[in-house]
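> I'm passing along structure.pdb; it holds PDB, C-alpha atoms.
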```pdb
MODEL        1
ATOM      1  CA  ARG J   1     111.603  46.756 113.883
ATOM      2  CA  GLU J   2     112.979  50.020 115.167
ATOM      3  CA  SER J   3     110.645  52.773 116.368
ATOM      4  CA  THR J   4     111.461  56.420 116.764
ATOM      5  CA  ALA J   5     109.604  59.117 118.685
ATOM      6  CA  GLU J   6     109.700  62.714 117.568
ATOM      7  CA  LEU J   7     109.585  65.407 120.259
ATOM      8  CA  ILE J   8     107.513  68.373 119.118
ATOM      9  CA  HIS J   9     107.792  71.688 120.957
ATOM     10  CA  LEU J  10     104.640  73.810 120.918
ATOM     11  CA  ASN J  11     106.182  76.622 122.912
ATOM     12  CA  VAL J  12     108.923  77.460 125.380
ATOM     13  CA  CYS J  13     108.027  79.959 128.083
ATOM     14  CA  PHE J  14     109.901  81.971 130.693
ATOM     15  CA  LEU J  15     107.825  84.030 133.103
ATOM     16  CA  ASN J  16     108.700  86.128 136.151
ATOM     17  CA  THR J  17     106.060  88.330 137.789
ATOM     18  CA  THR J  18     105.903  90.356 140.989
ATOM     19  CA  SER J  19     102.986  92.173 142.567
ATOM     20  CA  ASN J  20     102.221  94.218 145.640
ATOM     21  CA  SER J  21      98.672  95.137 146.655
ATOM     22  CA  ASP J  22      96.757  96.875 149.434
ATOM     23  CA  ALA J  23      93.032  96.976 150.126
ATOM     24  CA  PHE J  24      90.728  98.880 152.443
ATOM     25  CA  HIS J  25      87.076  98.037 153.166
ATOM     26  CA  MET J  26      84.508  99.891 155.255
ATOM     27  CA  SER J  27      80.789  99.226 155.633
ATOM     28  CA  HIS J  28      77.891 100.563 157.715
ATOM     29  CA  ASN J  29      74.360  99.318 158.246
ATOM     30  CA  ILE J  30      71.491 101.151 159.984
ATOM     31  CA  LEU J  31      68.074  99.683 160.793
ATOM     32  CA  PHE J  32      65.009 101.603 161.995
ATOM     33  CA  GLY J  33      61.881  99.692 163.004
ATOM     34  CA  LYS J  34      58.519 100.587 164.537
ATOM     35  CA  ARG J  35      55.471  98.641 165.602
ATOM     36  CA  LEU J  36      52.234 100.409 164.767
ATOM     37  CA  ALA J  37      48.987 100.408 166.746
ATOM     38  CA  LYS J  38      47.481  97.321 165.119
ATOM     39  CA  LYS J  39      49.104  94.039 166.149
ATOM     40  CA  GLY J  40      51.297  92.706 163.350
ATOM     41  CA  ARG J  41      51.453  96.032 161.537
ATOM     42  CA  THR J  42      55.061  97.231 161.323
ATOM     43  CA  ILE J  43      57.309  99.468 159.270
ATOM     44  CA  SER J  44      61.094  99.332 158.993
ATOM     45  CA  LEU J  45      63.861 101.066 157.082
ATOM     46  CA  ASN J  46      67.278  99.574 156.394
ATOM     47  CA  MET J  47      70.166 101.628 154.987
ATOM     48  CA  SER J  48      73.611 100.312 154.077
ATOM     49  CA  MET J  49      76.806 101.846 152.773
ATOM     50  CA  SER J  50      80.176 100.375 151.813
ATOM     51  CA  TYR J  51      83.502 101.627 150.475
ATOM     52  CA  ASN J  52      86.273  99.562 148.913
ATOM     53  CA  HIS J  53      89.661 100.833 147.791
ATOM     54  CA  SER J  54      92.397  98.626 146.372
ATOM     55  CA  ASP J  55      95.674  99.435 144.662
ATOM     56  CA  MET J  56      98.265  97.211 143.050
ATOM     57  CA  ASN J  57     101.602  97.547 141.345
ATOM     58  CA  GLY J  58     103.734  94.892 139.748
ATOM     59  CA  THR J  59     106.162  93.790 137.056
ATOM     60  CA  ILE J  60     105.949  91.283 134.215
ATOM     61  CA  LEU J  61     108.986  89.785 132.513
ATOM     62  CA  SER J  62     108.331  86.994 130.053
ATOM     63  CA  ASP J  63     109.797  85.449 126.926
ATOM     64  CA  ASN J  64     107.768  83.012 124.830
ATOM     65  CA  ILE J  65     108.919  81.117 121.744
ATOM     66  CA  PHE J  66     106.060  79.604 119.725
ATOM     67  CA  TYR J  67     106.736  76.889 117.119
ATOM     68  CA  ASN J  68     104.751  76.420 113.926
ATOM     69  CA  ASP J  69     104.036  73.087 112.218
ATOM     70  CA  ASN J  70     106.569  73.841 109.499
ATOM     71  CA  GLY J  71     109.393  74.209 112.019
ATOM     72  CA  THR J  72     109.518  78.010 112.043
ATOM     73  CA  SER J  73     109.100  79.948 115.254
ATOM     74  CA  TYR J  74     108.350  83.419 116.506
ATOM     75  CA  ASP J  75     109.177  85.202 119.724
ATOM     76  CA  SER J  76     106.866  87.156 122.043
ATOM     77  CA  SER J  77     108.439  89.111 124.906
ATOM     78  CA  LEU J  78     107.107  91.333 127.676
ATOM     79  CA  ASN J  79     109.056  93.601 129.987
ATOM     80  CA  GLN J  80     106.733  96.024 131.710
ATOM     81  CA  ILE J  81     105.504  97.532 134.949
ATOM     82  CA  TYR J  82     101.939  98.480 135.864
ATOM     83  CA  THR J  83      99.859 100.210 138.538
ATOM     84  CA  ARG J  84      96.143  99.777 139.179
ATOM     85  CA  ASP J  85      93.848 101.768 141.471
ATOM     86  CA  ALA J  86      90.195 100.766 141.956
ATOM     87  CA  ILE J  87      87.446 102.263 144.137
ATOM     88  CA  THR J  88      83.841 101.123 144.597
ATOM     89  CA  ARG J  89      81.132 102.906 146.591
ATOM     90  CA  ASN J  90      77.771 101.375 147.387
ATOM     91  CA  PHE J  91      74.632 102.806 148.951
ATOM     92  CA  GLY J  92      71.373 100.948 149.476
ATOM     93  CA  SER J  93      68.060 101.438 151.230
ATOM     94  CA  LYS J  94      64.978  99.272 151.723
ATOM     95  CA  ILE J  95      61.644  99.987 153.367
ATOM     96  CA  ILE J  96      59.260  97.221 154.473
ATOM     97  CA  TYR J  97      55.647  97.492 155.610
ATOM     98  CA  THR J  98      53.653  94.531 156.995
ATOM     99  CA  GLU J  99      49.876  94.286 157.164
ATOM    100  CA  PRO J 100      48.272  91.420 159.152
ATOM    101  CA  MET J 101      45.556  89.273 157.570
ATOM    102  CA  GLY J 102      43.936  87.378 160.399
ATOM    103  CA  LYS J 103      45.871  85.811 163.260
ATOM    104  CA  ARG J 104      48.307  83.695 161.278
ATOM    105  CA  SER J 105      48.940  85.535 157.998
ATOM    106  CA  LEU J 106      50.257  88.852 156.728
ATOM    107  CA  PHE J 107      51.229  90.734 153.610
ATOM    108  CA  GLU J 108      54.669  92.316 153.286
ATOM    109  CA  PHE J 109      55.212  95.261 150.954
ATOM    110  CA  SER J 110      58.722  96.495 150.175
ATOM    111  CA  GLY J 111      60.542  99.114 148.133
ATOM    112  CA  PHE J 112      64.287  99.386 147.540
ATOM    113  CA  PHE J 113      67.000 101.466 145.884
ATOM    114  CA  ASN J 114      70.681 100.658 145.418
ATOM    115  CA  THR J 115      73.538 102.346 143.580
ATOM    116  CA  ASN J 116      77.099 101.136 143.033
ATOM    117  CA  ILE J 117      79.736 103.519 141.646
ATOM    118  CA  GLY J 118      83.125 102.188 140.605
ATOM    119  CA  THR J 119      86.325 103.551 139.102
ATOM    120  CA  SER J 120      89.351 101.655 137.837
ATOM    121  CA  TYR J 121      92.563 103.317 136.682
ATOM    122  CA  LYS J 122      95.410 101.257 135.229
ATOM    123  CA  LEU J 123      98.712 102.458 133.753
ATOM    124  CA  THR J 124     101.168 100.153 131.984
ATOM    125  CA  PHE J 125     104.695 101.061 130.864
ATOM    126  CA  ASP J 126     107.003  98.981 128.671
ATOM    127  CA  TYR J 127     110.768  98.904 128.947
ATOM    128  CA  ASN J 128     112.435 101.504 126.742
ATOM    129  CA  ASN J 129     115.793 100.375 125.319
ATOM    130  CA  LEU J 130     116.791 103.951 124.523
ATOM    131  CA  SER J 131     116.375 105.308 128.064
ATOM    132  CA  GLY J 132     116.957 102.068 129.942
ATOM    133  CA  LYS J 133     113.755 102.686 131.936
ATOM    134  CA  HIS J 134     110.119 101.579 131.955
ATOM    135  CA  ASP J 135     108.832 104.845 130.494
ATOM    136  CA  ALA J 136     107.175 103.706 127.222
ATOM    137  CA  PHE J 137     103.448 104.138 127.851
ATOM    138  CA  ASN J 138     101.324 101.197 126.613
ATOM    139  CA  PRO J 139      97.787 102.486 125.843
ATOM    140  CA  LEU J 140      96.432  99.039 124.896
ATOM    141  CA  LEU J 141      97.099  97.697 128.406
ATOM    142  CA  SER J 142      96.028 100.873 130.227
ATOM    143  CA  ASN J 143      92.583 102.185 131.012
ATOM    144  CA  ASP J 144      90.538 104.773 132.873
ATOM    145  CA  TYR J 145      87.105 103.261 133.457
ATOM    146  CA  LYS J 146      84.065 104.409 135.434
ATOM    147  CA  SER J 147      80.775 102.603 135.998
ATOM    148  CA  ASN J 148      77.497 103.344 137.754
ATOM    149  CA  TYR J 149      75.099 100.472 138.427
ATOM    150  CA  THR J 150      71.694 101.437 139.860
ATOM    151  CA  TYR J 151      68.679  99.266 140.569
ATOM    152  CA  SER J 152      65.354  99.930 142.257
ATOM    153  CA  GLY J 153      61.924  98.395 142.564
ATOM    154  CA  GLY J 154      59.437  96.875 144.936
ATOM    155  CA  GLY J 155      57.808  93.641 145.911
ATOM    156  CA  ILE J 156      55.022  91.876 147.729
ATOM    157  CA  ASN J 157      55.100  88.710 149.843
ATOM    158  CA  PHE J 158      52.391  86.684 151.541
ATOM    159  CA  ARG J 159      53.202  84.806 154.748
ATOM    160  CA  THR J 160      51.103  82.333 156.664
ATOM    161  CA  ASN J 161      52.020  80.157 159.646
ATOM    162  CA  GLN J 162      49.691  77.200 160.164
ATOM    163  CA  LYS J 163      50.035  74.256 162.534
ATOM    164  CA  LYS J 164      51.653  71.956 159.999
ATOM    165  CA  VAL J 165      52.654  74.242 157.163
ATOM    166  CA  ASN J 166      54.449  77.604 156.951
ATOM    167  CA  ILE J 167      54.339  79.329 153.563
ATOM    168  CA  THR J 168      56.014  82.454 152.175
ATOM    169  CA  ALA J 169      55.476  83.370 148.529
ATOM    170  CA  GLY J 170      55.951  86.525 146.511
ATOM    171  CA  ALA J 171      57.988  88.368 143.941
ATOM    172  CA  GLN J 172      59.937  91.564 143.329
ATOM    173  CA  LEU J 173      60.021  93.740 140.244
ATOM    174  CA  GLN J 174      63.503  95.151 139.696
ATOM    175  CA  SER J 175      64.610  97.756 137.188
ATOM    176  CA  ALA J 176      68.356  98.212 136.687
ATOM    177  CA  GLU J 177      70.609 100.464 134.658
ATOM    178  CA  LEU J 178      74.338 100.197 134.022
ATOM    179  CA  LYS J 179      76.353 103.150 132.718
ATOM    180  CA  GLY J 180      80.040 102.968 131.911
ATOM    181  CA  VAL J 181      82.623 105.351 130.480
ATOM    182  CA  ASN J 182      85.954 104.289 129.007
ATOM    183  CA  ASN J 183      87.881 107.562 129.066
ATOM    184  CA  PHE J 184      90.964 106.276 127.207
ATOM    185  CA  PHE J 185      88.976 105.141 124.178
ATOM    186  CA  HIS J 186      86.035 107.583 124.558
ATOM    187  CA  GLN J 187      83.579 104.707 124.718
ATOM    188  CA  ASN J 188      80.202 104.981 126.469
ATOM    189  CA  ILE J 189      78.343 101.912 127.670
ATOM    190  CA  LYS J 190      74.679 101.864 128.679
ATOM    191  CA  GLN J 191      72.516  98.872 129.537
ATOM    192  CA  SER J 192      69.086  98.659 131.117
ATOM    193  CA  PHE J 193      66.952  95.672 132.017
ATOM    194  CA  THR J 194      63.886  94.759 134.075
ATOM    195  CA  ASP J 195      63.536  91.470 135.945
ATOM    196  CA  VAL J 196      60.883  89.682 137.962
ATOM    197  CA  LEU J 197      62.468  87.932 140.965
ATOM    198  CA  PRO J 198      60.143  85.336 142.557
ATOM    199  CA  ASP J 199      60.760  83.675 145.911
ATOM    200  CA  ALA J 200      59.017  80.982 147.935
ATOM    201  CA  ILE J 201      59.496  79.097 151.196
ATOM    202  CA  LEU J 202      57.514  76.014 152.182
ATOM    203  CA  GLN J 203      58.092  74.366 155.564
ATOM    204  CA  TYR J 204      56.208  71.247 156.590
ATOM    205  CA  ASN J 205      56.315  70.449 160.307
ATOM    206  CA  ILE J 206      56.305  66.675 160.574
ATOM    207  CA  SER J 207      56.463  66.778 164.367
ATOM    208  CA  PRO J 208      57.631  69.237 167.053
ATOM    209  CA  THR J 209      61.197  68.024 166.453
ATOM    210  CA  LYS J 210      61.133  67.322 162.708
ATOM    211  CA  ASN J 211      60.476  69.464 159.656
ATOM    212  CA  LEU J 212      61.104  69.592 155.940
ATOM    213  CA  ARG J 213      61.915  72.957 154.362
ATOM    214  CA  PHE J 214      61.987  73.992 150.697
ATOM    215  CA  GLU J 215      63.368  77.375 149.557
ATOM    216  CA  TYR J 216      63.500  78.991 146.126
ATOM    217  CA  ASN J 217      64.563  82.465 145.049
ATOM    218  CA  ALA J 218      65.859  84.271 141.987
ATOM    219  CA  SER J 219      68.505  86.993 142.059
ATOM    220  CA  THR J 220      70.731  89.040 139.783
ATOM    221  CA  THR J 221      74.451  89.782 140.087
ATOM    222  CA  GLN J 222      76.046  92.777 138.468
ATOM    223  CA  PRO J 223      79.362  92.385 136.606
ATOM    224  CA  SER J 224      82.377  93.671 138.508
ATOM    225  CA  ILE J 225      84.383  96.614 137.262
ATOM    226  CA  ILE J 226      87.302  94.271 136.449
ATOM    227  CA  GLN J 227      84.966  92.126 134.318
ATOM    228  CA  LEU J 228      83.747  95.214 132.451
ATOM    229  CA  GLN J 229      87.098  96.958 131.982
ATOM    230  CA  PRO J 230      88.229  96.228 128.384
ATOM    231  CA  VAL J 231      91.910  95.801 129.211
ATOM    232  CA  ALA J 232      93.900  92.617 128.642
ATOM    233  CA  ASP J 233      95.399  90.857 131.671
ATOM    234  CA  VAL J 234      98.769  89.570 130.449
ATOM    235  CA  SER J 235     100.071  88.391 133.822
ATOM    236  CA  ASP J 236      99.865  84.866 132.341
ATOM    237  CA  PRO J 237     100.930  85.289 128.685
ATOM    238  CA  LEU J 238      99.608  81.846 127.766
ATOM    239  CA  ASN J 239      96.155  82.569 129.209
ATOM    240  CA  ILE J 240      95.349  86.187 128.423
ATOM    241  CA  THR J 241      91.948  87.463 129.573
ATOM    242  CA  ILE J 242      90.157  90.706 128.761
ATOM    243  CA  GLY J 243      87.103  92.394 130.264
ATOM    244  CA  ASN J 244      83.882  92.686 128.284
ATOM    245  CA  PRO J 245      82.213  96.136 128.506
ATOM    246  CA  ASN J 246      78.983  94.664 127.091
ATOM    247  CA  LEU J 247      78.756  91.951 129.742
ATOM    248  CA  LYS J 248      75.218  91.708 131.121
ATOM    249  CA  ARG J 249      74.060  90.831 134.623
ATOM    250  CA  ALA J 250      73.780  87.212 135.749
ATOM    251  CA  TYR J 251      70.292  85.864 136.528
ATOM    252  CA  GLN J 252      70.459  83.121 139.123
ATOM    253  CA  HIS J 253      67.973  80.534 140.414
ATOM    254  CA  ASN J 254      68.642  79.102 143.880
ATOM    255  CA  ILE J 255      66.916  76.035 145.325
ATOM    256  CA  LYS J 256      67.461  74.580 148.800
ATOM    257  CA  VAL J 257      65.912  71.548 150.470
ATOM    258  CA  ASN J 258      66.626  70.962 154.168
ATOM    259  CA  GLN J 259      65.423  68.348 156.609
ATOM    260  CA  PHE J 260      65.725  68.978 160.351
ATOM    261  CA  ALA J 261      65.397  66.368 163.061
ATOM    262  CA  ALA J 262      66.205  66.558 166.773
ATOM    263  CA  LYS J 263      66.309  63.700 169.249
ATOM    264  CA  HIS J 264      65.729  64.097 172.940
ATOM    265  CA  ILE J 265      68.284  62.313 175.127
ATOM    266  CA  ALA J 266      67.096  61.583 178.640
TER     267      ALA J 266
ENDMDL
END
```
So, in terms of structure tokens, how does the structure I just supplied come out?

Amino acid sequence: RESTAELIHLNVCFLNTTSNSDAFHMSHNILFGKRLAKKGRTISLNMSMSYNHSDMNGTILSDNIFYNDNGTSYDSSLNQIYTRDAITRNFGSKIIYTEPMGKRSLFEFSGFFNTNIGTSYKLTFDYNNLSGKHDAFNPLLSNDYKSNYTYSGGGINFRTNQKKVNITAGAQLQSAELKGVNNFFHQNIKQSFTDVLPDAILQYNISPTKNLRFEYNASTTQPSIIQLQPVADVSDPLNITIGNPNLKRAYQHNIKVNQFAAKHIA
């Protein structure tokens, strides 16, 4: 019996890309702290600021032939250049006040405010056969996007340090608002949400050289400006991605369990 194998082409791809990028980052952090008259009573203020600026330019040259089941095919080609400029500015502040409760316990009260402002500007030009230059503006792959993410709130924690057990437990109430403007498509984006972020630490001291520690906390992560910007990334024509302007924040739960043991060597 003779057997034959048929070779089926799904697609044939040629891709050549170049890119050049630069980035600048600067951050500052200032902490003020003061002990008050009563032992264990303190107040502190922490302020932070950061600035990020990145720019990129590149070229994309690709030719893709896609085959259908019936043997027909179609061609998809790209010949373009692009530039992207992105800036993010962040400012945050947090104030903490502690009030002792006996010799081994205290309450911690906190308030915070943070704002993150970002801009992303991308221009894409296709090759123009008439002029022989990359001067055909592509509005679908270009964008002028601005976002402002602000969150604020406060929290309370209880701490106690006993001989065998150390406990920290509390929660924060956080209110956040995200505003975005897509200037190319005249699209406004606005999201707001409120979250409760609990946290807890339990440490059991088995001996002076051994302990078992359990940590839990919840946090949120804002979407980046690239994730929000509704512009397709065609740098890999077979895996095209696009930002989602309606993307919400991520709510994360983190759990850690650590065991520590030290051995004295004479």
> Give me, as a list in words, all polymer residues having an atom no more than 7 Å from range 249-256 of chain J, counting all atoms listed in the file and skipping those fewer than 4 positions away in the same chain.
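With the cut-off at 7 Å, the set is Phe214, Glu215, Tyr216, Asn217, Ala218, Ser219, Thr220, Thr221, Gln222 and Pro223 of chain J.
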> Would you kindly identify which residues have an atom no farther than 9 Å from (52.4, 94.3, 162.7), using all atoms listed in the file and the file's own coordinates, and write them out as a PDB file with C-alpha atoms, in the coordinates of the input?

```pdb
ATOM      1  CA  LYS J  34      58.519 100.587 164.537  1.00  0.00           C
ATOM      2  CA  ARG J  35      55.471  98.641 165.602  1.00  0.00           C
ATOM      3  CA  LEU J  36      52.234 100.409 164.767  1.00  0.00           C
ATOM      4  CA  ALA J  37      48.987 100.408 166.746  1.00  0.00           C
ATOM      5  CA  LYS J  38      47.481  97.321 165.119  1.00  0.00           C
ATOM      6  CA  LYS J  39      49.104  94.039 166.149  1.00  0.00           C
ATOM      7  CA  GLY J  40      51.297  92.706 163.350  1.00  0.00           C
ATOM      8  CA  ARG J  41      51.453  96.032 161.537  1.00  0.00           C
ATOM      9  CA  THR J  42      55.061  97.231 161.323  1.00  0.00           C
ATOM     10  CA  ILE J  43      57.309  99.468 159.270  1.00  0.00           C
ATOM     11  CA  TYR J  97      55.647  97.492 155.610  1.00  0.00           C
ATOM     12  CA  THR J  98      53.653  94.531 156.995  1.00  0.00           C
ATOM     13  CA  GLU J  99      49.876  94.286 157.164  1.00  0.00           C
ATOM     14  CA  PRO J 100      48.272  91.420 159.152  1.00  0.00           C
ATOM     15  CA  LEU J 106      50.257  88.852 156.728  1.00  0.00           C
TER      16      LEU J 106
END
```
> Could you list the residues chosen by the PyMOL selection byres ((chain J and resi 153) around 7) in this structure as JSON, numbers by chain?
{"J": [111, 112, 113, 152, 154, 173, 174, 175]}
> Could you pull the residues within 8 Å of Ile30 in chain J, counting all atoms listed in the file, minus those fewer than 4 positions along the same chain, as an MDAnalysis selection string?
chainID J and resid 46:48
> Enumerate, as a list in words, the residues matched when the PyMOL selection byres ((chain J and resi 231) around 9) is run on the file above.
Lys122, Leu140, Leu141, Ser142, Asn143, Ile226, Leu228, Gln229, Pro230, Ala232, Asp233, Thr241, Ile242, Gly243 and Asn244 of chain J
> CA of Lys133 in chain J and CA of Met56 in chain J are how many Å apart?
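Result for CA of Lys133 in chain J versus CA of Met56 in chain J: 19.8 Å, one decimal.
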> Once 4 Å is added on each side, what are the centre and the three edge lengths, in Å to one decimal, of the axis-aligned box enclosing the listed atoms of range 28-35 of chain J? Present them as lines of an AutoDock Vina configuration file.

```
center_x = 66.7
center_y = 100.1
center_z = 161.7
size_x = 30.4
size_y = 11.0
size_z = 15.9
```
> Using all atoms listed in the file, pick whichever of J:Phe184, J:Tyr149, J:Tyr51, J:Phe125 has the shortest atom-to-atom distance to Phe24 in chain J.
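With all atoms listed in the file as the atom set, the closest residue is J:Tyr51.
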> CA of Glu108 in chain J and CA of Asn157 in chain J are how many Å apart?
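One can read the CA of Glu108 in chain J to CA of Asn157 in chain J distance as 5.0 Å.
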> For the contact check between range 69-181 of chain J and range 191-201 of chain J, emit one row per residue of range 69-181 of chain J within 6 Å, containing the shortest atom pair and the distance in Å rounded to one decimal, counting all atoms listed in the file, chain then rising number order, as JSON lines.

```
{"residue": "J:Ile167", "atom": "CA", "partner": "J:Ile201", "partner_atom": "CA", "distance": 5.7}
{"residue": "J:Thr168", "atom": "CA", "partner": "J:Ile201", "partner_atom": "CA", "distance": 4.9}
{"residue": "J:Ala169", "atom": "CA", "partner": "J:Ala200", "partner_atom": "CA", "distance": 4.3}
{"residue": "J:Gly170", "atom": "CA", "partner": "J:Asp199", "partner_atom": "CA", "distance": 5.6}
{"residue": "J:Ala171", "atom": "CA", "partner": "J:Pro198", "partner_atom": "CA", "distance": 4.0}
{"residue": "J:Gln172", "atom": "CA", "partner": "J:Leu197", "partner_atom": "CA", "distance": 5.0}
{"residue": "J:Leu173", "atom": "CA", "partner": "J:Val196", "partner_atom": "CA", "distance": 4.7}
{"residue": "J:Gln174", "atom": "CA", "partner": "J:Asp195", "partner_atom": "CA", "distance": 5.3}
{"residue": "J:Ser175", "atom": "CA", "partner": "J:Thr194", "partner_atom": "CA", "distance": 4.4}
{"residue": "J:Ala176", "atom": "CA", "partner": "J:Phe193", "partner_atom": "CA", "distance": 5.5}
{"residue": "J:Glu177", "atom": "CA", "partner": "J:Ser192", "partner_atom": "CA", "distance": 4.3}
{"residue": "J:Leu178", "atom": "CA", "partner": "J:Gln191", "partner_atom": "CA", "distance": 5.0}
```
> What separation in Å, quoted to one decimal, exists between CA of His25 in chain J and CA of Thr83 in chain J?
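These atoms are spaced 19.5 Å apart.
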> Which residue is closest to Thr119 in chain J? Choose from J:Phe260, J:Phe32, J:Tyr145, J:Tyr82 and count only C-alpha atoms.
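The shortest atom-to-atom distance to Thr119 in chain J comes from J:Tyr145.
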> Quick one: of J:Asn68, J:Ser77, J:Asn183, J:Thr115, who's nearest to Ser93 in chain J, counting all atoms listed in the file?
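Among the listed residues, the smallest separation from Ser93 in chain J belongs to J:Thr115.
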> Which is closer to Asn138 in chain J than all the others in J:Asn79, J:Tyr151, J:Lys164, J:Phe158, using all atoms listed in the file?
J:Asn79
> Find the residues near Ser73 in chain J: any atom within 12 Å, counting only C-alpha atoms, skip ones fewer than 4 places away on the same chain, and give them as a PDB file with C-alpha atoms, in the coordinates of the input.

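Once written, result23.pdb looks like this:
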```
ATOM      1  CA  HIS J   9     107.792  71.688 120.957  1.00  0.00           C
ATOM      2  CA  LEU J  10     104.640  73.810 120.918  1.00  0.00           C
ATOM      3  CA  ASN J  11     106.182  76.622 122.912  1.00  0.00           C
ATOM      4  CA  VAL J  12     108.923  77.460 125.380  1.00  0.00           C
ATOM      5  CA  ASN J  64     107.768  83.012 124.830  1.00  0.00           C
ATOM      6  CA  ILE J  65     108.919  81.117 121.744  1.00  0.00           C
ATOM      7  CA  PHE J  66     106.060  79.604 119.725  1.00  0.00           C
ATOM      8  CA  TYR J  67     106.736  76.889 117.119  1.00  0.00           C
ATOM      9  CA  ASN J  68     104.751  76.420 113.926  1.00  0.00           C
ATOM     10  CA  ASP J  69     104.036  73.087 112.218  1.00  0.00           C
TER      11      ASP J  69
END
```
> Could you name the residues that touch Thr18 in chain J at 7 Å or less, counting all atoms listed in the file, but leaving out those on the same chain fewer than 3 positions away, as an MDAnalysis selection string?
chainID J and resid 58:60
